[in-house]
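Student: Sending over final-v8.tsv (TSV, C-alpha atoms).
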chain	number	residue	atom	x	y	z
A	1	MET	CA	101.68	51.83	78.38
A	2	ASN	CA	101.83	52.97	82.01
A	3	LYS	CA	103.31	56.24	80.91
A	4	ALA	CA	100.32	56.89	78.58
A	5	ILE	CA	97.89	56.09	81.38
A	6	ASP	CA	99.67	58.43	83.75
A	7	ILE	CA	99.60	61.25	81.21
A	8	SER	CA	95.90	60.64	80.52
A	9	VAL	CA	95.10	60.86	84.22
A	10	LEU	CA	97.19	64.01	84.54
A	11	ASP	CA	95.40	65.50	81.53
A	12	GLY	CA	92.05	64.87	83.20
A	13	VAL	CA	93.18	66.48	86.44
A	14	ILE	CA	94.50	69.54	84.60
A	15	LYS	CA	91.32	69.92	82.52
A	16	ARG	CA	89.11	69.74	85.61
A	17	THR	CA	91.37	72.27	87.30
A	18	ILE	CA	91.09	74.58	84.30
A	19	GLU	CA	87.29	74.33	84.33
A	20	THR	CA	87.21	75.17	88.05
A	21	VAL	CA	89.57	78.12	87.65
A	22	GLU	CA	87.61	79.45	84.65
A	23	THR	CA	84.35	79.19	86.59
A	24	SER	CA	85.88	80.99	89.56
A	25	LYS	CA	87.30	83.65	87.26
A	26	THR	CA	83.84	84.24	85.75
A	27	GLN	CA	82.26	84.47	89.21
A	28	ILE	CA	84.87	86.98	90.38
A	29	PHE	CA	84.32	89.01	87.21
A	30	ASP	CA	80.56	89.02	87.91
A	31	ILE	CA	81.25	90.24	91.45
A	32	ALA	CA	83.37	93.06	90.06
A	33	GLU	CA	80.70	94.00	87.50
A	34	ASN	CA	77.96	94.03	90.15
A	35	ALA	CA	80.18	96.19	92.34
A	36	ARG	CA	80.71	98.59	89.41
A	37	GLN	CA	76.96	98.86	88.81
A	38	GLN	CA	76.34	99.52	92.49
A	39	GLY	CA	79.15	102.06	92.44
A	40	ASN	CA	77.61	103.90	89.47
A	41	SER	CA	74.26	103.99	91.26
A	42	LEU	CA	75.94	105.30	94.42
A	43	LYS	CA	77.76	107.96	92.40
A	44	LEU	CA	74.44	109.17	90.99
A	45	ASP	CA	72.88	109.24	94.48
A	46	LEU	CA	75.96	111.01	95.83
A	47	HIS	CA	75.83	113.61	93.07
A	48	GLU	CA	72.18	114.39	93.77
A	49	LEU	CA	72.78	114.36	97.52
A	50	ARG	CA	75.62	116.88	97.22
A	51	GLN	CA	73.39	119.16	95.16
A	52	GLU	CA	70.67	118.89	97.81
A	53	ILE	CA	73.20	119.61	100.60
A	54	SER	CA	74.37	122.70	98.71
A	55	LYS	CA	70.77	123.97	98.48
A	56	VAL	CA	70.12	123.26	102.17
A	57	ILE	CA	73.32	125.05	103.19
A	58	GLN	CA	72.24	128.09	101.17
A	59	LYS	CA	68.84	127.96	102.87
A	60	VAL	CA	70.48	127.70	106.33
A	61	ASP	CA	72.69	130.71	105.56
A	62	ALA	CA	69.66	132.70	104.45
A	63	LEU	CA	67.67	131.69	107.55
A	64	GLU	CA	70.57	132.59	109.86
A	65	LEU	CA	70.70	136.05	108.30
A	66	ALA	CA	66.90	136.39	108.59
A	67	TYR	CA	67.02	135.18	112.19
A	68	ARG	CA	69.63	137.77	113.15
A	69	LYS	CA	67.53	140.48	111.55
A	70	SER	CA	64.37	139.28	113.36
A	71	ARG	CA	66.24	139.21	116.70
A	72	ASN	CA	67.48	142.74	116.09
A	73	ARG	CA	63.93	143.80	115.20
A	74	LEU	CA	62.56	142.17	118.39
A	75	ALA	CA	65.24	143.85	120.51
A	76	LEU	CA	64.47	147.22	118.92
A	77	VAL	CA	60.74	146.84	119.52
A	78	SER	CA	61.28	145.66	123.10
A	79	ARG	CA	63.61	148.54	123.98
A	80	ASN	CA	61.28	151.15	122.50
A	81	PHE	CA	57.98	149.68	123.65
A	82	GLN	CA	56.58	153.19	124.13
A	83	MET	CA	56.90	153.72	120.34
A	84	TYR	CA	55.35	150.35	119.39
A	85	THR	CA	52.08	148.67	120.22
A	86	GLU	CA	51.71	145.30	121.88
A	87	GLU	CA	50.63	143.95	118.50
A	88	ASP	CA	53.97	145.06	117.01
A	89	ILE	CA	55.87	143.33	119.81
A	90	ARG	CA	53.81	140.16	119.39
A	91	ILE	CA	54.38	140.07	115.62
A	92	ALA	CA	58.15	140.63	116.04
A	93	TYR	CA	58.34	137.85	118.65
A	94	GLU	CA	56.32	135.36	116.55
A	95	GLU	CA	58.38	136.13	113.46
A	96	ALA	CA	61.64	135.53	115.36
A	97	SER	CA	60.26	132.30	116.85
A	98	ARG	CA	59.04	131.06	113.45
A	99	ILE	CA	62.41	131.68	111.80
A	100	GLN	CA	64.23	130.05	114.72
A	101	VAL	CA	62.10	126.89	114.41
A	102	GLU	CA	62.60	126.77	110.64
A	103	LEU	CA	66.35	127.31	111.10
A	104	SER	CA	66.53	124.42	113.58
A	105	ILE	CA	64.68	122.14	111.15
A	106	TYR	CA	67.01	122.98	108.27
A	107	ARG	CA	70.12	122.60	110.44
A	108	GLU	CA	68.96	119.15	111.48
A	109	ARG	CA	68.23	118.34	107.84
A	110	GLU	CA	71.73	119.52	106.86
A	111	ASN	CA	73.32	117.28	109.51
A	112	ASN	CA	71.24	114.27	108.40
A	113	LEU	CA	72.16	114.83	104.74
A	114	LYS	CA	75.86	115.12	105.62
A	115	ARG	CA	75.71	111.89	107.63
A	116	ARG	CA	74.06	110.18	104.67
A	117	ARG	CA	76.69	111.61	102.32
A	118	ASN	CA	79.52	110.32	104.51
A	119	ASP	CA	77.88	106.89	104.62
A	120	LEU	CA	77.55	106.80	100.81
A	121	GLU	CA	81.19	107.83	100.40
A	122	ARG	CA	82.27	105.00	102.73
A	123	GLN	CA	80.16	102.52	100.77
A	124	LEU	CA	81.68	103.77	97.50
A	125	ARG	CA	85.23	103.38	98.84
A	126	THR	CA	84.43	99.83	99.97
A	127	LEU	CA	83.04	98.97	96.51
A	128	GLU	CA	86.15	100.39	94.81
A	129	GLU	CA	88.37	98.28	97.07
A	130	THR	CA	86.26	95.22	96.20
A	131	ILE	CA	86.65	95.94	92.47
A	132	ASP	CA	90.41	96.37	92.85
A	133	ARG	CA	90.78	93.07	94.74
A	134	ALA	CA	88.60	91.29	92.18
A	135	GLU	CA	90.69	92.62	89.29
A	136	LYS	CA	93.89	91.42	90.96
A	137	LEU	CA	92.37	87.96	91.51
A	138	VAL	CA	91.23	87.79	87.87
A	139	SER	CA	94.74	88.76	86.75
A	140	GLN	CA	96.32	86.09	88.96
A	141	MET	CA	93.90	83.46	87.68
A	142	GLY	CA	94.79	84.53	84.16
A	143	VAL	CA	98.41	83.60	84.90
A	144	VAL	CA	97.29	80.21	86.23
A	145	LEU	CA	95.04	79.58	83.21
A	146	GLY	CA	97.75	80.61	80.79
A	147	TYR	CA	100.14	78.18	82.40
A	148	LEU	CA	97.61	75.34	82.52
A	149	THR	CA	96.22	75.76	78.99
A	150	GLY	CA	99.51	74.98	77.26
A	151	ASP	CA	99.90	72.24	74.69
A	152	LEU	CA	98.47	69.31	76.68
A	153	SER	CA	98.93	66.93	73.73
A	154	LYS	CA	102.69	67.06	74.36
A	155	ILE	CA	102.56	66.95	78.12
A	156	GLY	CA	104.90	63.95	78.25
A	157	GLU	CA	107.68	65.90	76.57
A	158	ALA	CA	106.81	68.97	78.63
A	159	LEU	CA	107.20	66.99	81.85
A	160	GLU	CA	110.63	65.75	80.79
A	161	SER	CA	111.94	69.26	80.10
A	162	ALA	CA	109.79	71.17	82.64
A	163	LYS	CA	112.71	72.17	84.85
A	164	GLN	CA	114.54	73.81	81.94
A	165	HIS	CA	111.55	75.61	80.42
A	166	GLN	CA	109.43	76.42	83.48
A	167	LEU	CA	111.05	79.75	84.23
A	168	MET	CA	110.96	80.95	80.62
A	169	GLY	CA	107.33	79.86	80.18
A	170	LEU	CA	106.31	81.63	83.35
A	171	LYS	CA	108.08	84.81	82.23
A	172	VAL	CA	106.24	84.75	78.91
A	173	ILE	CA	102.89	84.26	80.65
A	174	GLN	CA	103.69	87.01	83.14
A	175	ALA	CA	104.60	89.32	80.25
A	176	GLN	CA	101.30	88.54	78.55
A	177	GLU	CA	99.35	89.09	81.75
A	178	GLU	CA	101.19	92.33	82.50
A	179	GLU	CA	100.34	93.58	79.01
A	180	ARG	CA	96.70	92.53	79.42
A	181	LYS	CA	96.60	94.15	82.85
A	182	ARG	CA	98.08	97.37	81.42
A	183	VAL	CA	95.53	97.45	78.61
A	184	ALA	CA	92.70	96.60	81.02
A	185	ARG	CA	93.84	99.36	83.38
A	186	GLU	CA	94.06	101.87	80.51
A	187	ILE	CA	90.55	100.93	79.37
A	188	HIS	CA	89.23	101.01	82.96
A	189	ASP	CA	90.82	104.37	83.81
A	190	GLY	CA	90.07	105.89	80.40
A	191	PRO	CA	87.14	104.83	78.18
A	192	ALA	CA	85.35	102.74	80.83
A	193	GLN	CA	85.40	105.58	83.38
A	194	SER	CA	84.27	108.03	80.71
A	195	MET	CA	81.44	105.74	79.61
A	196	ALA	CA	80.33	105.30	83.24
A	197	ASN	CA	80.36	109.07	83.58
A	198	VAL	CA	78.37	109.40	80.34
A	199	VAL	CA	75.71	107.03	81.73
A	200	LEU	CA	75.62	108.95	85.01
A	201	ARG	CA	75.33	112.35	83.40
A	202	SER	CA	72.85	111.18	80.77
A	203	GLU	CA	70.53	110.18	83.63
A	204	ILE	CA	70.99	113.68	85.05
A	205	VAL	CA	70.12	115.15	81.63
A	206	GLU	CA	67.03	112.94	81.50
A	207	LYS	CA	65.88	114.34	84.86
A	208	MET	CA	66.60	117.89	83.70
A	209	LEU	CA	64.47	117.35	80.60
A	210	LYS	CA	61.63	115.93	82.71
A	211	ASN	CA	61.80	119.08	84.82
A	212	GLU	CA	61.96	121.24	81.65
A	213	ARG	CA	65.42	122.58	82.51
A	214	ILE	CA	66.25	122.80	78.82
A	215	LEU	CA	69.23	125.18	78.97
A	216	GLU	CA	71.01	123.16	81.67
A	217	ALA	CA	70.34	119.96	79.72
A	218	GLN	CA	71.86	121.47	76.57
A	219	MET	CA	75.00	122.43	78.50
A	220	GLU	CA	75.29	118.92	79.93
A	221	LEU	CA	74.83	117.40	76.45
A	222	HIS	CA	77.60	119.62	75.08
A	223	GLU	CA	79.96	118.37	77.80
A	224	LEU	CA	78.85	114.79	77.14
A	225	LYS	CA	79.72	115.18	73.45
A	226	GLU	CA	83.24	116.36	74.34
A	227	MET	CA	83.60	113.47	76.79
A	228	VAL	CA	82.65	110.94	74.10
A	229	ARG	CA	85.17	112.49	71.70
A	230	MET	CA	87.93	112.17	74.30
A	231	SER	CA	86.92	108.54	74.96
A	232	LEU	CA	87.12	107.80	71.24
A	233	ALA	CA	90.62	109.31	71.14
A	234	ASP	CA	91.63	107.13	74.12
A	235	VAL	CA	90.31	103.99	72.41
A	236	ARG	CA	92.21	104.80	69.22
A	237	ARG	CA	95.40	105.39	71.21
A	238	ILE	CA	95.01	102.05	73.02
A	239	ILE	CA	94.43	100.27	69.68
A	240	PHE	CA	97.53	101.96	68.27
A	241	ASP	CA	99.59	100.81	71.27
A	242	LEU	CA	98.33	97.24	70.87
A	243	ARG	CA	99.13	96.97	67.19
A	244	PRO	CA	99.93	100.02	65.02
A	245	MET	CA	98.13	99.22	61.77
A	246	ALA	CA	100.32	101.80	60.02
A	247	LEU	CA	103.24	99.35	60.33
A	248	ASP	CA	101.84	97.20	57.54
A	249	ASP	CA	100.39	100.11	55.53
A	250	LEU	CA	103.15	102.74	55.76
A	251	GLY	CA	106.21	100.92	57.07
A	252	LEU	CA	108.42	101.18	60.14
A	253	VAL	CA	109.85	104.71	59.78
A	254	PRO	CA	106.54	106.60	59.11
A	255	THR	CA	104.90	104.71	61.99
A	256	LEU	CA	107.73	105.66	64.34
A	257	GLN	CA	107.45	109.29	63.22
A	258	LYS	CA	103.75	109.30	64.09
A	259	TYR	CA	104.33	107.55	67.42
A	260	ILE	CA	107.17	109.88	68.43
A	261	GLN	CA	105.01	112.91	67.66
A	262	THR	CA	102.38	111.52	70.04
A	263	CYS	CA	105.03	110.84	72.71
A	264	GLU	CA	106.35	114.39	72.50
A	265	GLU	CA	102.90	115.77	73.27
A	266	ARG	CA	102.46	113.35	76.18
A	267	ILE	CA	105.81	113.44	77.98
A	268	GLU	CA	106.75	117.05	77.10
A	269	SER	CA	110.26	116.12	75.91
A	270	SER	CA	111.91	116.92	72.61
A	271	ILE	CA	112.33	113.65	70.66
A	272	ASP	CA	114.37	113.58	67.43
A	273	LEU	CA	114.14	110.70	64.98
A	274	VAL	CA	117.23	110.37	62.77
A	275	VAL	CA	117.24	107.80	59.96
A	276	PHE	CA	120.25	106.76	57.87
A	277	GLY	CA	119.79	104.63	54.81
A	278	VAL	CA	116.61	103.35	53.20
A	279	GLU	CA	114.16	101.06	54.97
A	280	PRO	CA	114.26	97.67	53.21
A	281	PRO	CA	111.29	95.30	52.91
A	282	LEU	CA	110.87	93.78	56.37
A	283	ARG	CA	108.77	90.97	57.74
A	284	SER	CA	105.74	92.12	59.72
A	285	SER	CA	107.04	90.44	62.89
A	286	VAL	CA	110.41	92.22	62.59
A	287	LYS	CA	108.76	95.63	62.13
A	288	ALA	CA	106.54	95.01	65.15
A	289	ALA	CA	109.50	93.89	67.28
A	290	ILE	CA	111.60	96.98	66.41
A	291	PHE	CA	108.61	99.25	67.06
A	292	ARG	CA	108.12	97.63	70.49
A	293	LEU	CA	111.80	98.18	71.34
A	294	VAL	CA	111.48	101.90	70.61
A	295	GLN	CA	108.17	102.00	72.50
A	296	GLU	CA	109.69	100.32	75.58
A	297	CYS	CA	112.66	102.71	75.57
A	298	LEU	CA	110.40	105.77	75.34
A	299	ASN	CA	108.14	104.36	78.07
A	300	ASN	CA	111.21	104.10	80.32
A	301	VAL	CA	112.12	107.70	79.46
A	302	GLU	CA	108.62	108.84	80.36
A	303	LYS	CA	108.51	106.93	83.66
A	304	HIS	CA	112.04	107.37	84.97
A	305	ALA	CA	114.39	109.60	82.96
A	306	ARG	CA	112.95	113.11	83.42
A	307	ALA	CA	114.80	113.98	80.20
A	308	ASN	CA	114.65	117.22	78.20
A	309	THR	CA	115.79	115.74	74.89
A	310	VAL	CA	115.72	112.24	73.43
A	311	GLN	CA	117.28	110.99	70.21
A	312	VAL	CA	116.13	107.88	68.34
A	313	LYS	CA	118.58	106.90	65.61
A	314	LEU	CA	117.89	104.21	63.01
A	315	GLU	CA	120.57	103.09	60.59
A	316	PHE	CA	119.94	100.55	57.81
A	317	VAL	CA	123.21	99.01	56.62
A	318	GLN	CA	123.07	96.17	54.09
A	319	GLU	CA	121.37	93.32	55.96
A	320	SER	CA	121.48	94.77	59.47
A	321	LEU	CA	119.84	97.50	61.50
A	322	SER	CA	121.34	99.68	64.21
A	323	LEU	CA	118.92	101.29	66.67
A	324	VAL	CA	120.13	103.79	69.29
A	325	VAL	CA	117.88	105.49	71.85
A	326	LYS	CA	119.66	108.17	73.89
A	327	ASP	CA	118.34	110.63	76.52
A	328	ASP	CA	119.84	113.36	78.74
A	329	GLY	CA	117.84	112.32	81.81
A	330	VAL	CA	118.84	111.40	85.36
A	331	GLY	CA	120.30	108.01	84.43
A	332	PHE	CA	120.83	105.17	86.93
A	333	ASP	CA	123.47	102.84	88.37
A	334	LEU	CA	123.59	100.18	85.67
A	335	GLU	CA	125.76	97.70	87.59
A	336	LYS	CA	123.52	97.87	90.63
A	337	ARG	CA	120.40	97.44	88.50
A	338	LEU	CA	121.82	94.39	86.72
A	339	ALA	CA	123.06	92.93	90.02
A	340	ASN	CA	119.47	93.06	91.28
A	341	GLY	CA	118.28	91.10	88.26
A	342	GLY	CA	117.28	94.08	86.12
A	343	SER	CA	113.82	95.51	85.67
A	344	PHE	CA	111.03	93.66	83.90
A	345	GLY	CA	111.29	96.14	81.00
A	346	LEU	CA	115.02	95.49	80.52
A	347	LEU	CA	114.49	91.73	80.59
A	348	GLY	CA	111.68	92.07	78.06
A	349	MET	CA	113.87	94.05	75.67
A	350	LYS	CA	116.70	91.52	75.96
A	351	GLU	CA	114.38	88.60	75.26
A	352	ARG	CA	112.85	90.40	72.27
A	353	VAL	CA	116.30	91.12	70.81
A	354	GLN	CA	117.37	87.51	71.36
A	355	LEU	CA	114.36	86.36	69.34
A	356	LEU	CA	115.62	88.58	66.51
A	357	GLU	CA	119.11	87.02	66.92
A	358	GLY	CA	120.47	90.47	67.74
A	359	SER	CA	122.32	92.13	70.61
A	360	VAL	CA	121.66	94.97	73.03
A	361	GLU	CA	124.09	97.18	74.96
A	362	MET	CA	123.07	99.65	77.64
A	363	GLN	CA	125.10	102.58	78.95
A	364	SER	CA	123.99	104.70	81.92
A	365	ALA	CA	125.22	106.41	85.06
A	366	PRO	CA	123.53	108.68	87.64
A	367	GLY	CA	123.19	112.19	86.20
A	368	GLU	CA	124.56	111.19	82.78
A	369	GLY	CA	121.48	109.99	80.96
A	370	THR	CA	120.94	106.61	79.31
A	371	LYS	CA	121.93	105.14	75.95
A	372	VAL	CA	120.59	101.86	74.58
A	373	ILE	CA	122.18	100.34	71.45
A	374	PHE	CA	120.51	97.53	69.50
A	375	GLN	CA	122.17	95.59	66.66
A	376	ILE	CA	119.68	93.49	64.70
A	377	PRO	CA	120.36	91.34	61.61
A	378	LEU	CA	117.76	91.70	58.86
A	379	LYS	CA	117.07	88.54	56.88
A	380	MET	CA	115.57	89.59	53.58
Take the structure from the file and write it as structure tokens.

Tutor:
Amino acid sequence: MNKAIDISVLDGVIKRTIETVETSKTQIFDIAENARQQGNSLKLDLHELRQEISKVIQKVDALELAYRKSRNRLALVSRNFQMYTEEDIRIAYEEASRIQVELSIYRERENNLKRRRNDLERQLRTLEETIDRAEKLVSQMGVVLGYLTGDLSKIGEALESAKQHQLMGLKVIQAQEEERKRVAREIHDGPAQSMANVVLRSEIVEKMLKNERILEAQMELHELKEMVRMSLADVRRIIFDLRPMALDDLGLVPTLQKYIQTCEERIESSIDLVVFGVEPPLRSSVKAAIFRLVQECLNNVEKHARANTVQVKLEFVQESLSLVVKDDGVGFDLEKRLANGGSFGLLGMKERVQLLEGSVEMQSAPGEGTKVIFQIPLKM
């Protein structure tokens, strides 16, 4: 009875903690969104300010040239006063004085605009730092929430085996958060940035149309259309990375062929896919796991290997699958890497293979490339 009461109290504490963390996470997200909106507004102001500075600089250059000419004219008239009337001298002097005053005004205006531009750039950098800190806090709170929102109905059993499962549970949550962070970063740096740019430039187009600058507006709209197309391609790529729908429709091998073709274009390495045997009917989870193993290997090649050629070999033999990913890149000291606990990617691959009841062997040395061999049983 006491045990039940203790668990109930603990449940209440955890639930209140979760509510507080979720509220804080929402508030931090709102701060980040407000900072983004202010940043977009500052970018628009900065864009217009830079255009204005460019025009003022051109005006200053023109006035400096005109001032030099007027000074030369005044000097000529003054030296040859016998050839010119007093009226000519007066006009030359007034013209030089007028241009000098106008030049001083525009130089002062240029300096003021540059000071304002520098101030806006500082504000924009501060906002970007605020957004970055907010995103990191949201990510960290996501780890906390993921850990707290486990199966609370079995918290008694969880407490008894917490020491054994704590590390594994934390690794899983960290893996989830890393994946979410990666996707969020890809969306932020890709489609989100493009959409923000679309909003910014559409406002510029709107101003052009109000000022009847039709040709410039048409050029801007053409660039906007290309930007939207690129954003759509980025969104489709992110969706494909999250869950290739072709896995269920076409199967493992055709999906890998399509993915490898995309990788070749991105990392500028020659990637060969070699398949032995016929792909048997596989469970959706098994196909997804094998695809992720290939994806992780090719991600490592892209980030670290600097390879010219890569070979991905799949061999279906009775009720097992052999997967080999080999590159001719720079390689690394495998013993040293494993002694340091291995990278997060290596640990993730090992855990994924263990879930499939398979095995993984890695071979690598500095300057000799890397070879990863997976043996996976296939339960029909």

Student: Give me the residues within 12 Å of Ser78 in chain A as a PyMOL selection string, counting only C-alpha atoms and dropping any in the same chain fewer than 6 places off.

Tutor: chain A and resi 71-72+84-93

Student: List as a PyMOL selection string the protein and nucleic acid residues near range 319-333 of chain A, meaning an atom at most 9 Å away when all atoms listed in the file are counted, but skip any in the same chain fewer than 5 places from it.

Tutor: chain A and resi 271+280+290+294+297-298+301+304-314+338+364-380

Student: For Asn112 in chain A, which residue out of A:Ile53, A:Tyr67, A:Leu124, A:Glu129 is the nearest one, using all atoms listed in the file?

Tutor: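 With all atoms listed in the file as the atom set, the closest residue is A:Ile53.
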
Student: For a quick check of understanding, using only C-alpha atoms, which of A:Ile214, A:Arg185, A:Gln51, A:Ser202 has the smallest distance to Asp132 in chain A?

Tutor: A:Arg185

Student: Go through A:Thr17, A:Leu46, A:Glu128, A:Gln295 one by one, measure the shortest atom-to-atom distance of each to Asn34 in chain A using all atoms listed in the file, and give the residue with the smallest value.

Tutor: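 Ranking A:Thr17, A:Leu46, A:Glu128, A:Gln295 by distance to Asn34 in chain A, first place goes to A:Glu128.
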
Student: Go ahead and find all residues with at least one atom no further than 12 Å from (106.4, 102.4, 70.9) in the file's coordinates, using only C-alpha atoms; report them as a ChimeraX atom specification.

Tutor: /A:237-238,240-244,247,252-253,255-263,287-302,312,325

Student: Kindly compute an axis-aligned box around the listed atoms of range 298-301 of chain A, allowing 6 Å on each side, and express its centre and edge lengths in Å to one decimal as lines of an AutoDock Vina configuration file.

Tutor:
center_x = 110.1
center_y = 105.9
center_z = 77.8
size_x = 16.0
size_y = 15.6
size_z = 17.0

Student: Leaving out Ile105 in chain A and any residue of its chain fewer than 5 positions from it, which residues lie within 12 Å of it when counting all atoms listed in the file, given as a CSV table (one decimal) with C-alpha atoms, in the coordinates of the input?

Tutor:
chain,number,residue,atom,x,y,z
A,56,VAL,CA,70.1,123.3,102.2
A,59,LYS,CA,68.8,128.0,102.9
A,60,VAL,CA,70.5,127.7,106.3
A,63,LEU,CA,67.7,131.7,107.6
A,98,ARG,CA,59.0,131.1,113.4
A,99,ILE,CA,62.4,131.7,111.8
A,100,GLN,CA,64.2,130.0,114.7
A,110,GLU,CA,71.7,119.5,106.9
A,111,ASN,CA,73.3,117.3,109.5
A,112,ASN,CA,71.2,114.3,108.4

Student: Looking at all atoms listed in the file, which of A:Ala62, A:Leu334, A:Ala184, A:Leu224 is the one that sits closest to Val199 in chain A?

Tutor: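 Of all the options, A:Leu224 lies closest to Val199 in chain A.
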
Student: Quick one: everything within 12 Å of Glu223 in chain A, counting all atoms listed in the file, minus sequence neighbours fewer than 2 positions away in the same chain. Send it as a ChimeraX atom specification.

Tutor: /A:194,197-198,201-202,205,216-221,225-230

Student: Let's have the selection written as a short mmCIF file (atom, residue, chain, number, x, y, z; two decimals), keeping the file's coordinate frame, with C-alpha atoms.

Tutor:
data_model
loop_
_atom_site.label_atom_id
_atom_site.label_comp_id
_atom_site.auth_asym_id
_atom_site.auth_seq_id
_atom_site.Cartn_x
_atom_site.Cartn_y
_atom_site.Cartn_z
CA SER A 194 84.27 108.03 80.71
CA ASN A 197 80.36 109.07 83.58
CA VAL A 198 78.37 109.40 80.34
CA ARG A 201 75.33 112.35 83.40
CA SER A 202 72.85 111.18 80.77
CA VAL A 205 70.12 115.15 81.63
CA GLU A 216 71.01 123.16 81.67
CA ALA A 217 70.34 119.96 79.72
CA GLN A 218 71.86 121.47 76.57
CA MET A 219 75.00 122.43 78.50
CA GLU A 220 75.29 118.92 79.93
CA LEU A 221 74.83 117.40 76.45
CA LYS A 225 79.72 115.18 73.45
CA GLU A 226 83.24 116.36 74.34
CA MET A 227 83.60 113.47 76.79
CA VAL A 228 82.65 110.94 74.10
CA ARG A 229 85.17 112.49 71.70
CA MET A 230 87.93 112.17 74.30
#

Student: Tell me, in Å to one decimal, how far CA of Arg352 in chain A is from CA of Lys336 in chain A.

Tutor: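 Distance between the two atoms: 22.5 Å.
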
Student: Using all atoms listed in the file, which of the listed residues (A:Leu65, A:Ala196, A:Leu356, A:Leu44) sits closest to Arg283 in chain A?

Tutor: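 So, comparing all the options, the nearest one is A:Leu356.
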
Student: When distances are computed from only C-alpha atoms, which of A:Thr126, A:Asn80, A:Ser270, A:Ser284 shows the smallest separation from Leu250 in chain A?

Tutor: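 So, comparing all the options, the nearest one is A:Ser284.
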
Student: Which residues are near Glu52 in chain A? Cut-off 12 Å, all atoms listed in the file, ignore same chain within fewer than 2 positions. Put them as a ChimeraX atom specification.

Tutor: /A:45-50,54-59,106,109-110,112-114,116-117

Student: So the first atom is CA of Lys350 in chain A and the second is CA of Phe316 in chain A; what is the distance between them in Å, to one decimal place?

Tutor: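 The value is 20.5 Å.
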
Student: So what do you get for CA of Val13 in chain A versus CA of Thr26 in chain A, distance-wise?

Tutor: 20.1 Å
